[in-house]
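Trainee: Attaching a single structure in structure tokens format; questions to follow.
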2 protein chains.
Amino acid sequence: MKLADLTTPALVVDARVFEDNISAMARALPGRRLRPHVKAHKCTALAARQAQRGHRGFTCATIREMEGMAAAGLGEDLLLANEVVDARRLGAIDARVTLAVDSEATVDAAADGGVREVLIDVNVGLPRCGCPPEAAGRLADAARARGLEVRGVMGYEGHLMLQGDARERERGVSDSMEKLLASHRDVGGEVISAGGTGTYAMNRVATEIQAGSYALMDTAYSALELPFRPALTLLARVISVSPDYAVADCGLKALGMDHGNPHIADARVWFCSDEHVTFAPESPVAVGDAIRVWPAHVDPTLAYHERLHIADGETVIDHWPVDLRGW
Amino acid sequence: MKLADLTTPALVVDARVFEDNISAMARALPGRRLRPHVKAHKCTALAARQAQRGHRGFTCATIREMEGMAAAGLGEDLLLANEVVDARRLGAIDARVTLAVDSEATVDAAADGGVREVLIDVNVGLPRCGCPPEAAGRLADAARARGLEVRGVMGYEGHLMLQGDARERERGVSDSMEKLLASHRDVGGEVISAGGTGTYAMNRVATEIQAGSYALMDTAYSALELPFRPALTLLARVISVSPDYAVADCGLKALGMDHGNPHIADARVWFCSDEHVTFAPESPVAVGDAIRVWPAHVDPTLAYHERLHIADGETVIDHWPVDLRGW
């Protein structure tokens, strides 16, 4: 099958770029040093390639992702790096399940739901989940009192992930990881889980890095001079042409828009509608022409699509279901 | 089942508000005067309620929507109000199918794909699809020469839909519909299809209005003083609480973000992450609390979800699959 035969809009993965990305990461962080985050792709077929490169533990953001990974035989060591208030579905998963907790309520949810292992989630600077660093030890005690195995700590320095100045980023990571280390002294356990694609190379405290974006890469990371290249584009077709602009068949329901409009090479994007992008191309285009659209944010883009089409040049060599969507 | 039993994030439709909305529209534009746009909800169960109110023709934005509506027995008169470059799947649908065309290439696609009826799509001011008004007659001739039945014209005045000043909006609609009327004189046929929720009451030229948002309503329309109220909220749960803010379990993969952050009553939304919203509530909240989140844009929000939960107060009375997603 050729790219030209795909129903548009269609998400296309450049197989070689993807392979280069996961090879580069497997060299930098082999085996257990990386716990790939599946939220970045929501695709067990892609996760299986990461496992083939030696990464056997995975990070998830939703219960559905945990269930799907287990069902796909990738449940050797699954971490839900997020709090839940009802853990019963997690307790029922036939896999090794570790759950983030950051409060007594979420400790209780873990224990009541039949989860056996937890990480104490520590706030290291991002205003999101995580207990204050000084509360981590007490929370670990509470978890152990409920019969939970505390494997260690996690703390996501997400506020630094897109910091453009590498030295500033490194300084920020160092500050954040100092907090996490202090918490770890109070908590104990073997695991210090942290990091992401933007900080994977400078976080030397974490025993495992939770990077996900590196596999398909996000345009937002392009300023950071990382050894990964964008592998994902949205294939669309021109359906209407006017003297000043053209319209292609992808829009708000095919693109994560929180980082703004997508990018089209040699064109200026005017705006997106539900199923259209209006753009001004530098050179004339014709109805039926295929164009490549670069989403401004890959993760929420993927969540709109049923499958990824894997391409070697113009040939579609595989189709991978985006099978971890929903909750 | 109670709302409290739903897995979050969950889209919830207030059944009474929804019924009020579709009743109000059925009174204003009975039967064929309205051709509800299913892109606003992508849900055949919801479309069936619109059909019960007397609207038997529907507007779609994608081929998948057309196929799904036909499969659900709602194919009495389906309009794909969008151009396609490959109409073979449309030609295979067992339903009355009408397709928008705005160029010779899309006329050819319609004829080659086995579509029998078309509308000439005219640009009435929105820089998107549609031929120039003066080209409509010639295009109708080309369509008839290819054996297509030309039912009339359509022209979407989408650039006016959110114009806050009602008089300005009315003046704009009048200008746009003058262009469409002129095209219609050149094209012929019984159908003049146009309009939307923002202009349904002031567009007196169209023989049928393509409104969709009115059923669930969008917060963006709230400034327009329409007789429809927002019926859709996203139910989420608080999973983490800090002194200055709280975090709930819905984020970028549950919310269309092109209109910006969602709204939470009595709270200020700080930012959304993939599966989180960080917000500052005016009154304390606790882990496990349910909150209602109002998406900034309903249409792309719906496209992330598998189903709508229909609620009467705190009781969930039905679940409707969002079964027209994808392409």
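Here's how to read the names in the structure tokens: chain A, B, ... by the order shown, residue numbers from 1 in each chain, ligand numbers from 1 in the order shown.
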Write out as a short mmCIF file (atom, residue, chain, number, x, y, z; two decimals) with C-alpha atoms, in the first residue's frame which residues come within 6 Å of range 56-71 of chain A when counting only C-alpha atoms, dropping same-chain ones fewer than 2 positions away.
Mentor:
data_model
loop_
_atom_site.label_atom_id
_atom_site.label_comp_id
_atom_site.auth_asym_id
_atom_site.auth_seq_id
_atom_site.Cartn_x
_atom_site.Cartn_y
_atom_site.Cartn_z
CA ARG A 35 10.71 3.49 31.73
CA PRO A 36 9.05 4.68 28.49
CA HIS A 37 5.88 6.70 28.95
CA VAL A 38 3.12 5.25 26.80
CA LYS A 39 0.91 8.35 27.09
CA ALA A 51 10.39 -3.45 24.83
CA GLY A 73 1.65 -8.90 27.32
CA LEU A 74 3.68 -5.84 28.30
CA GLY A 75 2.84 -5.95 32.00
CA ASP A 77 6.44 -3.74 35.46
CA LEU A 78 3.78 -1.08 34.89
CA LEU A 79 3.75 2.24 36.72
CA LEU A 80 0.66 4.44 36.78
CA ALA A 81 2.42 7.76 37.33
CA ASN A 82 -0.81 9.44 38.33
CA ALA A 95 0.45 -7.68 35.80
CA LEU A 324 -4.87 2.76 24.58
CA TRP A 327 -10.25 5.93 30.18
#
Trainee: Could I get the residues of chain B with an atom no further than 6 Å from an atom of chain A, each paired with its nearest atom pair and that distance in Å to one decimal, using only C-alpha atoms, sorted by chain and residue number, as JSON lines?
Mentor:
{"residue": "B:Glu83", "atom": "CA", "partner": "A:Ile239", "partner_atom": "CA", "distance": 5.9}
{"residue": "B:Val85", "atom": "CA", "partner": "A:Gly288", "partner_atom": "CA", "distance": 5.8}
{"residue": "B:Cys129", "atom": "CA", "partner": "A:Ser240", "partner_atom": "CA", "distance": 5.6}
{"residue": "B:Ile239", "atom": "CA", "partner": "A:Glu83", "partner_atom": "CA", "distance": 5.9}
{"residue": "B:Ser240", "atom": "CA", "partner": "A:Cys129", "partner_atom": "CA", "distance": 5.6}
{"residue": "B:Lys253", "atom": "CA", "partner": "A:Pro300", "partner_atom": "CA", "distance": 5.1}
{"residue": "B:Met257", "atom": "CA", "partner": "A:Asp258", "partner_atom": "CA", "distance": 5.2}
{"residue": "B:Asp258", "atom": "CA", "partner": "A:Met257", "partner_atom": "CA", "distance": 5.2}
{"residue": "B:Gly288", "atom": "CA", "partner": "A:Val85", "partner_atom": "CA", "distance": 5.8}
{"residue": "B:Pro300", "atom": "CA", "partner": "A:Lys253", "partner_atom": "CA", "distance": 5.1}
{"residue": "B:Tyr304", "atom": "CA", "partner": "A:Tyr304", "partner_atom": "CA", "distance": 5.9}
Trainee: Do you have the CA of Arg53 in chain B-CA of Ala26 in chain B distance handy?
Mentor: 6.3 Å
Trainee: Within 7 Å of Thr315 in chain B, counting only C-alpha atoms, which residues qualify if same-chain residues fewer than 6 places away don't, as a list in words?
Mentor: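 Non-adjacent residues within range: Met1, Lys2 and Leu3 of chain B.
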Trainee: Please run DSSP on the backbone and report, as a ChimeraX atom specification, all residues within range 129-189 of chain A that come out as strand (DSSP E).
Mentor: /A:149-155
Trainee: At a cut-off of 12 Å, using only C-alpha atoms, what residues contact range 182-184 of chain B? Leave out same-chain residues fewer than 5 positions from it and give the result as a ChimeraX atom specification.
Mentor: /B:119-124,130-140,150-155,175-177,189-193,205-207
Trainee: Could you dump the residues just selected with C-alpha atoms as a short mmCIF file (atom, residue, chain, number, x, y, z; two decimals), in the first residue's frame?
Mentor:
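Full text of selection-v1.cif as output:
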data_model
loop_
_atom_site.label_atom_id
_atom_site.label_comp_id
_atom_site.auth_asym_id
_atom_site.auth_seq_id
_atom_site.Cartn_x
_atom_site.Cartn_y
_atom_site.Cartn_z
CA LEU B 119 -25.02 20.98 -4.19
CA ILE B 120 -22.85 23.72 -5.61
CA ASP B 121 -20.83 25.01 -2.63
CA VAL B 122 -20.44 28.79 -2.88
CA ASN B 123 -17.96 30.94 -0.97
CA VAL B 124 -20.09 33.59 0.77
CA GLY B 130 -16.80 27.13 -1.95
CA CYS B 131 -16.44 28.41 -5.50
CA PRO B 132 -16.66 32.13 -6.28
CA PRO B 133 -20.36 33.11 -6.59
CA GLU B 134 -19.92 33.99 -10.26
CA ALA B 135 -18.55 30.51 -11.03
CA ALA B 136 -21.49 28.60 -9.56
CA GLY B 137 -23.64 28.47 -12.70
CA ARG B 138 -20.79 27.21 -14.84
CA LEU B 139 -19.98 24.53 -12.26
CA ALA B 140 -23.62 23.42 -12.18
CA VAL B 150 -27.84 19.48 -9.04
CA ARG B 151 -30.21 20.05 -6.13
CA GLY B 152 -29.20 23.67 -5.56
CA VAL B 153 -26.58 25.62 -3.65
CA MET B 154 -25.03 25.82 -0.22
CA GLY B 155 -22.93 28.57 1.33
CA ASP B 175 -24.68 40.28 2.35
CA SER B 176 -23.64 36.64 2.29
CA MET B 177 -27.09 35.41 1.34
CA GLY B 189 -32.66 23.59 -7.96
CA GLU B 190 -34.86 23.56 -4.88
CA VAL B 191 -32.24 23.74 -2.15
CA ILE B 192 -30.54 26.77 -0.63
CA SER B 193 -28.62 25.33 2.31
CA VAL B 205 -32.92 33.11 2.49
CA ALA B 206 -31.88 29.54 3.15
CA THR B 207 -34.52 26.90 2.55
#
